[in-house]
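Below is run_3.cif, which holds mmCIF, C-alpha atoms and all ligand atoms.
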data_run
loop_
_atom_site.label_atom_id
_atom_site.label_comp_id
_atom_site.auth_asym_id
_atom_site.auth_seq_id
_atom_site.Cartn_x
_atom_site.Cartn_y
_atom_site.Cartn_z
CA MET A 22 56.05 7.36 40.19
CA LYS A 23 56.67 5.84 43.65
CA ILE A 24 54.40 6.89 46.49
CA LEU A 25 55.12 6.23 50.15
CA VAL A 26 52.06 5.75 52.29
CA LEU A 27 52.19 6.17 56.04
CA ASN A 28 49.40 4.91 58.26
CA CYS A 29 50.18 5.89 61.84
CA GLY A 30 47.76 4.15 64.23
CA SER A 31 47.57 4.43 67.97
CA SER A 32 50.14 1.71 68.60
CA SER A 33 51.28 0.83 65.11
CA LEU A 34 52.69 2.37 61.95
CA LYS A 35 52.12 0.63 58.68
CA TYR A 36 53.92 1.72 55.53
CA GLN A 37 54.03 0.82 51.91
CA LEU A 38 56.08 2.08 49.02
CA ILE A 39 53.92 1.64 45.95
CA ASP A 40 54.97 1.91 42.32
CA MET A 41 51.92 3.67 40.90
CA ASP A 42 52.80 2.72 37.30
CA ASN A 43 51.49 -0.77 38.10
CA GLU A 44 50.21 -0.35 41.68
CA GLU A 45 52.78 -2.90 42.82
CA VAL A 46 54.02 -2.80 46.37
CA LEU A 47 57.82 -2.44 46.30
CA ALA A 48 58.24 -2.60 50.05
CA LYS A 49 56.00 -2.71 53.04
CA GLY A 50 56.32 -2.98 56.72
CA LEU A 51 54.96 -2.54 60.14
CA CYS A 52 56.14 -0.96 63.35
CA GLU A 53 54.27 -2.71 66.16
CA ARG A 54 53.76 -1.96 69.82
CA ILE A 55 54.85 1.68 69.55
CA GLY A 56 54.94 3.06 73.08
CA ILE A 57 54.64 -0.47 74.53
CA ALA A 58 57.55 -2.69 75.56
CA GLY A 59 58.76 -4.98 72.77
CA SER A 60 58.52 -2.59 69.76
CA LYS A 61 59.46 -4.21 66.49
CA LEU A 62 59.89 -3.19 62.85
CA THR A 63 59.17 -5.77 60.18
CA HIS A 64 60.20 -4.85 56.63
CA LYS A 65 59.52 -6.81 53.47
CA ALA A 66 60.95 -5.70 50.14
CA GLU A 67 60.50 -7.26 46.72
CA GLY A 68 63.44 -9.49 45.85
CA LYS A 69 65.14 -8.95 49.21
CA ASP A 70 65.38 -11.00 52.39
CA ASP A 71 62.84 -10.09 55.05
CA TYR A 72 64.25 -7.79 57.66
CA SER A 73 63.19 -7.17 61.20
CA LEU A 74 64.50 -5.00 63.96
CA GLU A 75 63.62 -5.06 67.61
CA THR A 76 64.40 -1.70 69.09
CA ASP A 77 62.75 0.85 71.35
CA MET A 78 60.13 3.04 69.64
CA PRO A 79 58.95 5.46 72.29
CA ASP A 80 56.99 7.52 69.76
CA HIS A 81 55.99 7.73 66.10
CA SER A 82 58.76 10.08 64.96
CA VAL A 83 61.36 7.46 65.91
CA ALA A 84 59.36 4.90 63.93
CA VAL A 85 59.19 7.14 60.80
CA LYS A 86 62.96 7.61 60.81
CA LEU A 87 63.43 3.81 61.01
CA VAL A 88 61.10 3.37 58.02
CA PHE A 89 63.14 5.75 55.82
CA ASP A 90 66.34 4.02 56.94
CA ALA A 91 64.91 0.63 55.95
CA LEU A 92 63.71 1.89 52.54
CA THR A 93 67.13 3.32 51.61
CA ASP A 94 69.22 0.60 53.26
CA GLU A 95 71.80 -0.92 50.93
CA LYS A 96 70.81 -4.49 51.77
CA HIS A 97 67.08 -4.34 52.49
CA GLY A 98 66.06 -1.12 50.74
CA VAL A 99 64.34 -0.60 47.40
CA VAL A 100 65.42 2.95 46.53
CA ASN A 101 68.90 4.44 46.29
CA SER A 102 67.80 7.70 47.83
CA VAL A 103 64.70 9.43 49.06
CA ASP A 104 64.71 11.44 45.78
CA GLU A 105 63.07 8.44 44.12
CA ILE A 106 59.99 8.86 46.30
CA GLY A 107 57.60 11.21 44.50
CA ALA A 108 55.26 12.04 47.36
CA VAL A 109 54.02 10.80 50.70
CA GLY A 110 50.36 10.04 51.41
CA HIS A 111 49.29 10.13 55.04
CA ARG A 112 46.24 8.64 56.66
CA VAL A 113 44.89 11.44 58.85
CA LEU A 114 42.15 10.67 61.30
CA HIS A 115 40.06 13.79 61.57
CA GLY A 116 39.41 16.58 59.10
CA GLY A 117 36.61 18.17 61.11
CA THR A 118 34.07 19.91 58.90
CA LYS A 119 36.82 21.66 56.92
CA PHE A 120 38.03 18.70 54.92
CA THR A 121 35.59 16.43 53.18
CA GLU A 122 38.23 15.38 50.64
CA SER A 123 41.93 14.54 50.61
CA ILE A 124 44.29 17.52 50.29
CA VAL A 125 47.97 18.45 49.72
CA VAL A 126 49.50 19.46 53.07
CA ASN A 127 50.43 23.08 53.69
CA ASP A 128 50.67 25.16 56.88
CA GLU A 129 46.90 25.70 56.96
CA VAL A 130 46.23 21.96 56.67
CA LYS A 131 48.66 21.23 59.51
CA LYS A 132 46.94 23.88 61.60
CA VAL A 133 43.55 22.23 61.08
CA ILE A 134 44.97 18.77 61.85
CA ARG A 135 46.32 20.27 65.10
CA GLU A 136 42.98 21.93 65.86
CA CYS A 137 41.40 18.48 65.59
CA PHE A 138 43.69 16.94 68.27
CA ASP A 139 40.86 16.98 70.78
CA LEU A 140 38.60 15.17 68.28
CA GLY A 141 41.16 12.45 67.57
CA PRO A 142 43.47 12.40 70.56
CA LEU A 143 45.07 9.03 69.85
CA HIS A 144 45.72 9.50 66.14
CA ASN A 145 45.86 13.13 64.98
CA PRO A 146 49.05 13.87 66.99
CA ALA A 147 50.67 10.72 65.56
CA ASN A 148 49.52 11.67 62.03
CA LEU A 149 50.99 15.16 62.35
CA MET A 150 54.25 13.77 63.75
CA GLY A 151 54.45 11.54 60.67
CA ILE A 152 53.92 14.53 58.34
CA GLU A 153 56.49 16.69 60.15
CA ALA A 154 59.04 13.89 60.25
CA CYS A 155 58.65 13.49 56.46
CA GLU A 156 59.09 17.22 55.93
CA LYS A 157 62.46 16.90 57.71
CA VAL A 158 63.69 13.68 56.08
CA VAL A 159 62.42 14.38 52.53
CA PRO A 160 62.18 18.18 52.38
CA GLY A 161 60.37 19.55 49.34
CA LYS A 162 58.37 16.36 48.78
CA LYS A 163 54.62 16.82 48.71
CA ASN A 164 52.66 15.32 51.58
CA VAL A 165 49.00 14.49 51.05
CA ALA A 166 46.51 14.07 53.90
CA VAL A 167 43.76 11.50 53.35
CA PHE A 168 41.09 11.85 56.02
CA ASP A 169 39.26 9.04 57.75
CA THR A 170 36.16 11.17 58.02
CA THR A 171 35.25 11.11 54.31
CA PHE A 172 33.13 7.89 54.40
CA GLY A 173 30.88 9.48 57.05
CA MET A 174 30.08 12.44 54.80
CA SER A 175 27.46 10.39 52.88
CA LEU A 176 25.50 9.40 56.00
CA PRO A 177 21.89 10.60 56.00
CA GLU A 178 20.92 13.26 58.54
CA LYS A 179 19.00 10.75 60.68
CA ALA A 180 22.24 8.81 61.16
CA TYR A 181 24.71 11.65 61.73
CA PHE A 182 22.72 14.05 63.92
CA TYR A 183 22.94 13.56 67.68
CA ALA A 184 19.70 14.09 69.59
CA ILE A 185 21.02 17.19 71.33
CA PRO A 186 20.11 20.85 70.73
CA THR A 187 20.79 21.62 67.06
CA GLU A 188 22.65 24.79 67.99
CA TYR A 189 25.71 22.67 68.89
CA TYR A 190 25.81 21.28 65.37
CA GLU A 191 25.39 24.77 63.93
CA LYS A 192 27.98 26.37 66.22
CA TYR A 193 30.61 23.65 66.48
CA GLY A 194 29.80 21.02 63.87
CA ILE A 195 28.99 18.46 66.57
CA ARG A 196 27.77 15.42 64.66
CA ARG A 197 28.76 11.84 63.98
CA TYR A 198 31.65 11.77 61.48
CA GLY A 199 32.79 8.16 61.61
CA PHE A 200 36.39 7.02 61.18
CA HIS A 201 38.38 4.29 59.41
CA GLY A 202 36.57 5.80 56.41
CA THR A 203 39.29 4.89 53.91
CA SER A 204 39.07 1.28 55.11
CA HIS A 205 35.26 1.12 55.07
CA THR A 206 35.15 2.56 51.54
CA PHE A 207 37.86 0.22 50.28
CA VAL A 208 36.56 -2.96 51.98
CA SER A 209 32.90 -2.41 51.05
CA HIS A 210 33.87 -1.93 47.37
CA GLU A 211 36.27 -4.89 47.48
CA THR A 212 33.58 -7.09 49.06
CA ILE A 213 31.20 -6.23 46.22
CA LYS A 214 33.92 -6.97 43.66
CA PHE A 215 35.20 -10.20 45.28
CA GLY A 216 31.70 -11.51 45.99
CA GLY A 217 30.26 -10.52 42.59
CA LEU A 218 27.51 -8.58 44.40
CA ASP A 219 25.25 -5.91 42.92
CA PRO A 220 27.44 -2.77 42.72
CA GLU A 221 24.42 -0.48 43.16
CA LYS A 222 22.30 -2.31 45.72
CA ALA A 223 24.50 -4.64 47.78
CA LYS A 224 23.92 -4.19 51.51
CA VAL A 225 27.27 -4.72 53.18
CA ILE A 226 28.35 -4.58 56.83
CA VAL A 227 32.10 -4.09 57.29
CA CYS A 228 33.58 -5.04 60.67
CA HIS A 229 36.93 -3.24 60.95
CA LEU A 230 38.28 -4.94 64.09
CA GLY A 231 41.73 -3.81 65.14
CA ASN A 232 43.19 -2.00 68.09
CA GLY A 233 40.80 0.73 66.98
CA ALA A 234 37.54 -0.89 65.90
CA SER A 235 34.48 0.27 64.00
CA ILE A 236 31.67 -1.16 61.96
CA SER A 237 29.79 0.30 59.02
CA ALA A 238 26.70 -0.21 56.91
CA SER A 239 26.78 0.69 53.24
CA ILE A 240 24.58 0.23 50.21
CA GLY A 241 26.45 -0.04 46.92
CA GLY A 242 29.61 1.09 48.74
CA LYS A 243 28.01 4.32 49.94
CA GLY A 244 28.05 4.89 53.70
CA VAL A 245 24.68 4.59 55.43
CA ASP A 246 25.87 4.37 59.04
CA THR A 247 29.08 3.87 60.94
CA SER A 248 29.79 3.21 64.60
CA MET A 249 32.34 5.88 65.46
CA GLY A 250 30.97 9.35 66.10
CA LEU A 251 32.26 12.85 66.73
CA THR A 252 35.46 11.16 67.83
CA PRO A 253 36.66 7.54 67.52
CA LEU A 254 35.46 6.91 71.09
CA GLU A 255 31.92 5.89 70.16
CA GLY A 256 30.81 2.42 69.15
CA LEU A 257 32.64 -0.87 69.63
CA ILE A 258 34.82 -1.91 72.56
CA MET A 259 38.41 -1.39 71.38
CA GLY A 260 41.97 -2.01 72.56
CA THR A 261 41.97 0.98 74.91
CA ARG A 262 38.65 2.76 74.18
CA SER A 263 35.38 2.09 75.95
CA GLY A 264 33.12 2.61 72.93
CA ASP A 265 29.48 3.39 73.79
CA ILE A 266 28.92 4.47 77.38
CA ASP A 267 26.30 6.44 79.31
CA PRO A 268 27.75 10.00 79.38
CA ALA A 269 26.49 10.33 82.96
CA ALA A 270 29.28 7.91 83.93
CA VAL A 271 31.76 10.66 82.99
CA GLN A 272 30.19 13.05 85.50
CA PHE A 273 30.00 10.32 88.16
CA ILE A 274 33.67 9.32 87.83
CA ALA A 275 34.78 12.98 87.68
CA ASN A 276 32.89 13.82 90.90
CA HIS A 277 33.97 10.77 92.86
CA GLU A 278 37.60 10.73 91.73
CA ASN A 279 38.04 14.52 91.75
CA LYS A 280 38.93 14.50 88.06
CA SER A 281 38.16 16.86 85.18
CA VAL A 282 36.08 15.86 82.15
CA ASP A 283 39.35 15.83 80.16
CA ASP A 284 40.88 13.40 82.67
CA VAL A 285 37.91 11.06 82.40
CA LEU A 286 37.87 11.19 78.60
CA ASN A 287 41.55 10.37 78.65
CA ILE A 288 40.69 7.27 80.70
CA LEU A 289 37.91 6.33 78.27
CA ASN A 290 40.29 6.74 75.31
CA LYS A 291 43.51 5.30 76.65
CA LYS A 292 42.83 3.10 79.67
CA SER A 293 39.52 1.45 78.88
CA GLY A 294 38.37 -1.13 76.34
CA ILE A 295 39.81 -4.63 76.68
CA LEU A 296 42.82 -3.10 78.48
CA GLY A 297 40.66 -1.49 81.15
CA MET A 298 38.32 -4.45 81.55
CA SER A 299 41.00 -7.15 81.68
CA GLY A 300 43.74 -5.14 83.37
CA VAL A 301 46.11 -7.17 81.17
CA SER A 302 46.83 -5.48 77.82
CA SER A 303 45.36 -3.61 74.86
CA ASP A 304 46.62 -6.37 72.58
CA PHE A 305 44.01 -9.01 71.83
CA ARG A 306 46.62 -11.78 71.73
CA ASP A 307 47.72 -11.00 75.30
CA VAL A 308 44.12 -10.88 76.54
CA GLU A 309 43.28 -14.16 74.79
CA LYS A 310 46.28 -15.81 76.42
CA ALA A 311 45.23 -14.50 79.85
CA ALA A 312 41.67 -15.76 79.29
CA GLN A 313 42.98 -19.21 78.37
CA GLU A 314 44.98 -19.20 81.59
CA GLY A 315 41.81 -18.61 83.58
CA ASN A 316 41.74 -14.80 84.01
CA HIS A 317 38.00 -14.21 84.41
CA MET A 318 37.87 -10.51 83.45
CA ALA A 319 40.04 -11.17 80.38
CA GLU A 320 37.39 -13.69 79.28
CA VAL A 321 34.57 -11.23 80.06
CA ALA A 322 36.37 -8.49 78.06
CA LEU A 323 36.55 -10.73 74.99
CA GLN A 324 32.93 -11.80 75.39
CA ALA A 325 31.84 -8.16 75.71
CA PHE A 326 33.87 -7.22 72.62
CA ARG A 327 32.14 -9.91 70.52
CA TYR A 328 28.72 -9.08 72.01
CA ARG A 329 29.07 -5.40 71.05
CA VAL A 330 30.09 -6.32 67.48
CA ALA A 331 27.05 -8.61 67.21
CA LYS A 332 24.69 -5.92 68.54
CA TYR A 333 25.90 -3.47 65.87
CA ILE A 334 25.51 -6.07 63.13
CA GLY A 335 21.90 -6.52 64.26
CA ALA A 336 21.34 -2.77 64.33
CA TYR A 337 22.77 -2.27 60.85
CA ALA A 338 20.84 -5.19 59.36
CA ALA A 339 17.76 -3.36 60.64
CA ALA A 340 18.99 0.04 59.43
CA MET A 341 19.34 -1.31 55.88
CA ASN A 342 16.31 -3.62 56.17
CA GLY A 343 18.55 -6.54 55.28
CA VAL A 344 22.15 -7.52 54.75
CA ASP A 345 23.75 -9.34 51.82
CA ALA A 346 27.30 -9.61 53.09
CA ILE A 347 29.37 -9.18 56.23
CA ALA A 348 33.12 -8.57 55.85
CA PHE A 349 35.75 -8.90 58.56
CA THR A 350 38.91 -6.83 58.28
CA ALA A 351 41.89 -5.27 60.19
CA GLY A 352 44.21 -6.89 62.77
CA VAL A 353 41.65 -8.90 64.73
CA GLY A 354 39.15 -9.33 61.88
CA GLU A 355 41.81 -10.71 59.53
CA ASN A 356 43.64 -12.93 62.03
CA ASP A 357 41.40 -13.97 64.87
CA ILE A 358 39.74 -17.12 63.57
CA LYS A 359 38.04 -17.85 66.89
CA ALA A 360 36.55 -14.36 67.28
CA ARG A 361 35.00 -14.52 63.77
CA LYS A 362 33.58 -17.99 64.46
CA LEU A 363 32.10 -17.03 67.83
CA ILE A 364 30.54 -13.76 66.60
CA VAL A 365 28.72 -15.62 63.82
CA GLU A 366 27.83 -18.80 65.75
CA GLU A 367 26.74 -17.20 69.00
CA TYR A 368 24.69 -14.33 67.60
CA LEU A 369 23.93 -14.39 63.88
CA GLY A 370 21.96 -17.60 63.49
CA TYR A 371 18.72 -15.62 63.30
CA LEU A 372 19.99 -14.01 60.08
CA GLY A 373 20.62 -17.46 58.63
CA ALA A 374 24.37 -16.77 58.76
CA LYS A 375 26.60 -19.87 58.99
CA ILE A 376 30.35 -20.02 59.17
CA ASP A 377 32.32 -22.80 57.42
CA ASP A 378 35.12 -23.85 59.78
CA GLU A 379 37.44 -25.01 57.02
CA ARG A 380 37.01 -21.83 54.97
CA ASN A 381 37.33 -19.73 58.14
CA ASN A 382 40.72 -21.30 58.89
CA VAL A 383 42.44 -18.48 57.00
CA ARG A 384 44.35 -15.31 57.80
CA GLY A 385 45.07 -12.12 55.90
CA LYS A 386 43.71 -12.94 52.45
CA GLU A 387 40.42 -12.48 50.62
CA ALA A 388 38.16 -15.44 51.28
CA LEU A 389 34.56 -16.51 51.52
CA ILE A 390 34.22 -17.95 55.03
CA SER A 391 30.49 -18.72 55.18
CA ALA A 392 28.90 -22.08 54.39
CA ASP A 393 27.20 -22.62 51.04
CA ASP A 394 23.76 -22.58 52.69
CA SER A 395 24.44 -19.37 54.66
CA LYS A 396 21.77 -16.76 53.88
CA VAL A 397 24.33 -13.98 54.39
CA LYS A 398 27.71 -14.19 52.66
CA ILE A 399 30.56 -13.73 55.12
CA TYR A 400 34.00 -12.69 53.90
CA LEU A 401 37.47 -12.02 55.13
CA ILE A 402 38.60 -8.96 53.13
CA PRO A 403 42.00 -7.54 54.10
CA THR A 404 41.84 -3.80 54.23
CA ASN A 405 44.18 -1.88 51.93
CA GLU A 406 44.02 1.68 53.13
CA GLU A 407 47.52 2.18 51.74
CA LEU A 408 46.48 1.59 48.14
CA ALA A 409 43.43 3.80 48.55
CA ILE A 410 45.63 6.55 50.03
CA ALA A 411 48.29 6.15 47.31
CA ARG A 412 45.66 6.55 44.58
CA ASP A 413 44.37 9.75 46.17
CA THR A 414 47.92 11.04 46.63
CA LEU A 415 48.81 10.45 42.99
CA ARG A 416 45.57 12.08 41.85
CA LEU A 417 46.25 15.20 43.92
CA ILE A 418 49.88 15.79 42.99
P1 LIG A 501 45.41 -0.42 64.71
O1 LIG A 501 45.76 -0.15 63.27
O2 LIG A 501 44.14 0.18 65.16
O3 LIG A 501 46.54 -0.20 65.67
P2 LIG A 501 45.38 -3.21 63.80
O4 LIG A 501 44.35 -3.28 62.76
O5 LIG A 501 46.82 -3.24 63.39
O6 LIG A 501 45.12 -2.00 64.81
O7 LIG A 501 45.12 -4.43 64.81
C1 LIG A 501 45.92 -4.63 65.94
C2 LIG A 501 45.27 -5.71 66.78
O8 LIG A 501 45.17 -6.93 66.03
C3 LIG A 501 46.08 -6.02 68.05
O9 LIG A 501 45.27 -5.85 69.20
C4 LIG A 501 46.43 -7.49 67.89
O10 LIG A 501 46.32 -8.17 69.10
C5 LIG A 501 45.38 -8.01 66.93
N1 LIG A 501 45.85 -9.23 66.29
C6 LIG A 501 46.83 -9.38 65.39
N2 LIG A 501 47.02 -10.70 65.11
C7 LIG A 501 46.13 -11.39 65.86
C8 LIG A 501 45.80 -12.79 66.04
N3 LIG A 501 46.45 -13.73 65.38
N4 LIG A 501 44.81 -13.10 66.90
C9 LIG A 501 44.17 -12.15 67.59
N5 LIG A 501 44.42 -10.83 67.47
C10 LIG A 501 45.38 -10.46 66.63
#
This structure in structure tokens:
Amino acid sequence: MKILVLNCGSSSLKYQLIDMDNEEVLAKGLCERIGIAGSKLTHKAEGKDDYSLETDMPDHSVAVKLVFDALTDEKHGVVNSVDEIGAVGHRVLHGGTKFTESIVVNDEVKKVIRECFDLGPLHNPANLMGIEACEKVVPGKKNVAVFDTTFGMSLPEKAYFYAIPTEYYEKYGIRRYGFHGTSHTFVSHETIKFGGLDPEKAKVIVCHLGNGASISASIGGKGVDTSMGLTPLEGLIMGTRSGDIDPAAVQFIANHENKSVDDVLNILNKKSGILGMSGVSSDFRDVEKAAQEGNHMAEVALQAFRYRVAKYIGAYAAAMNGVDAIAFTAGVGENDIKARKLIVEEYLGYLGAKIDDERNNVRGKEALISADDSKVKIYLIPTNEELAIARDTLRLI
């Protein structure tokens, strides 16, 4: 059976068509810079020439249509018709307290995904658009929602409770959920496998550094802590999100700028992070270029990003009373050689962590990047949320 996996991010849509008989990827691709000038689809299919298309993608539904066109295209496609696609698995950001497991989509599931828009304002709307676009293009096909909040369900109470009156947890389920859960589960298990670490006891920190960024601590692949919270706003500095901030700043900005709390949260979600600090872009490559050209705040934004990552690594090493391995993953983690080097060299010497420059000169494939005498193993482990989602989808249908 062939499963299509859609992973709609804030500014990107990744897809894979996977033959589940052998878990081989038949075609995969990426729509980049959705909603930003210069949108591009890149499509790679087994046995076919690579194909790319630069065209406007104002929103995710336009991107989904382009994906189906590419998959069924006479020249670049891998299926004759959409009938050959057995089901579609969707990465969905937030399942609230209702969904602690993946589930086949029905009207009730869509309703809950919609109810969680305020908890995942950058992703849940895009995820739902992806589901509804599939319902139109491949009617009758099952859609499965795989939630990013599942990894956070194993956190101990001391990690997921906020220090606010407990009634808000009881009434509204206000707690830390964590996101990128599919990625943290997959990468922590893959790190253990690739590194030959103890499958029960290995203490692993996964740095998922992309446009959205989060970091997790796990023991034997089981989540112990994770940096995102009730929403994906908490934690690291991201492309457009502030990450951790004193909540009193929300009140201060609202009062002085005559804005509502919603307005300010919108700024923290969509206009902050490296975009807000640098004033240049949410894309790390653009900000790095600006920093090289002497833009001071672009340089400060990148320094602050690395500093925040390092502070969380320190916190999680303490939370687990040790760390065996650190894994870098996602767009920045898999490609930004300099960021990986600087995070380790500037901040992690006290852990005995040492990067090996030659090994670190790698992008997008599993690799050990620490020196032989490093006390902590450091890896590049590409995330494969698509395969994890496809497995769940197959299991559920
Ligand atoms: P998301 O899925 O949250 O949209 P990704 O994991 O796809 O994010 O990561 C996107 C980010 O990765 C972009 O900000 C992009 O700048 C960054 N990135 C990709 N390649 C590189 C590179 N070679 N150097 C630095 N950053 C990169």
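Residue nearest ligand LIG 501 (chain A), chosen from A:Asp307, A:Asp139, A:Asp377, A:Asp393 and counting only C-alpha atoms and all ligand atoms: A:Asp307.
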Step by step, measure atom-to-atom distances between ligand LIG 501 (chain A) and each residue using all atoms listed in the file, keep those at most 9 Å, then write them as a ChimeraX atom specification.
/A:28-35,51,53-54,229-234,259-260,302-309,350-360,384,404
Would you work out the distance separating CA of Arg197 (chain A) from CA of Tyr181 (chain A), expressed in Å to one decimal?
4.6 Å
Would you mind listing what lies within 7 Å of region 67-78 of chain A as a VMD selection string, with all atoms listed in the file counted and same-chain residues fewer than 5 positions away left out?
chain A and resid 47 to 48 55 to 56 60 to 62 83 to 84 97
Near-region 204-216 of chain A list (7 Å; only C-alpha atoms; drop same-chain fewer than 5 positions) as a tab-separated table (two decimals) with C-alpha atoms, in the coordinates of the input:
chain	number	residue	atom	x	y	z
A	172	PHE	CA	33.13	7.89	54.40
A	225	VAL	CA	27.27	-4.72	53.18
A	227	VAL	CA	32.10	-4.09	57.29
A	237	SER	CA	29.79	0.30	59.02
A	242	GLY	CA	29.61	1.09	48.74
A	348	ALA	CA	33.12	-8.57	55.85
A	402	ILE	CA	38.60	-8.96	53.13
A	404	THR	CA	41.84	-3.80	54.23
A	405	ASN	CA	44.18	-1.88	51.93
A	406	GLU	CA	44.02	1.68	53.13
A	409	ALA	CA	43.43	3.80	48.55
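Here the question is which of A:Thr261, A:Ser395, A:Thr203, A:Gln37 gets nearest to Ile347 (chain A) using all atoms listed in the file, and that residue is A:Ser395.
If you measure from each of A:Ser82, A:Asn43, A:Thr121, A:Ser175 to Ile240 (chain A) using only C-alpha atoms, the closest one turns out to be A:Ser175.
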Could I see region 58-73 of chain A restored to N, CA, C and O atoms, set down as a compact mmCIF listing (two decimals), keeping the file's coordinate frame?
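Output file part_5.txt follows:
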# COMPACT_ATOMS: atom_id res chain seq x y z
N ALA A 58 56.31 -1.91 75.56
CA ALA A 58 57.55 -2.69 75.56
C ALA A 58 57.52 -3.73 74.45
O ALA A 58 56.47 -4.29 74.16
N GLY A 59 58.67 -3.95 73.81
CA GLY A 59 58.76 -4.98 72.77
C GLY A 59 58.45 -4.45 71.38
O GLY A 59 57.94 -5.18 70.53
N SER A 60 58.77 -3.16 71.10
CA SER A 60 58.52 -2.59 69.76
C SER A 60 59.37 -3.33 68.72
O SER A 60 60.49 -3.73 68.99
N LYS A 61 58.78 -3.43 67.53
CA LYS A 61 59.46 -4.21 66.49
C LYS A 61 59.12 -3.65 65.11
O LYS A 61 57.96 -3.31 64.85
N LEU A 62 60.14 -3.55 64.24
CA LEU A 62 59.89 -3.19 62.85
C LEU A 62 60.06 -4.44 61.99
O LEU A 62 61.02 -5.18 62.15
N THR A 63 59.08 -4.66 61.13
CA THR A 63 59.17 -5.77 60.18
C THR A 63 59.10 -5.18 58.79
O THR A 63 58.18 -4.42 58.49
N HIS A 64 60.09 -5.49 57.94
CA HIS A 64 60.20 -4.85 56.63
C HIS A 64 60.31 -5.94 55.57
O HIS A 64 61.15 -6.84 55.67
N LYS A 65 59.45 -5.84 54.57
CA LYS A 65 59.52 -6.81 53.47
C LYS A 65 59.69 -6.03 52.18
O LYS A 65 58.89 -5.15 51.89
N ALA A 66 60.71 -6.38 51.40
CA ALA A 66 60.95 -5.70 50.14
C ALA A 66 61.04 -6.73 49.03
O ALA A 66 61.57 -7.83 49.24
N GLU A 67 60.52 -6.34 47.85
CA GLU A 67 60.50 -7.26 46.72
C GLU A 67 61.92 -7.69 46.36
O GLU A 67 62.81 -6.84 46.20
N GLY A 68 62.13 -8.98 46.27
CA GLY A 68 63.44 -9.49 45.85
C GLY A 68 64.51 -9.41 46.92
O GLY A 68 65.69 -9.66 46.64
N LYS A 69 64.14 -9.05 48.13
CA LYS A 69 65.14 -8.95 49.21
C LYS A 69 64.71 -9.86 50.36
O LYS A 69 63.54 -10.20 50.51
N ASP A 70 65.71 -10.23 51.19
CA ASP A 70 65.38 -11.00 52.39
C ASP A 70 64.54 -10.15 53.34
O ASP A 70 64.74 -8.94 53.42
N ASP A 71 63.61 -10.81 54.03
CA ASP A 71 62.84 -10.09 55.05
C ASP A 71 63.79 -9.56 56.11
O ASP A 71 64.82 -10.17 56.40
N TYR A 72 63.39 -8.44 56.68
CA TYR A 72 64.25 -7.79 57.66
C TYR A 72 63.40 -7.40 58.85
O TYR A 72 62.28 -6.91 58.69
N SER A 73 63.92 -7.66 60.04
CA SER A 73 63.19 -7.17 61.20
C SER A 73 64.16 -6.64 62.23
O SER A 73 65.33 -7.02 62.29
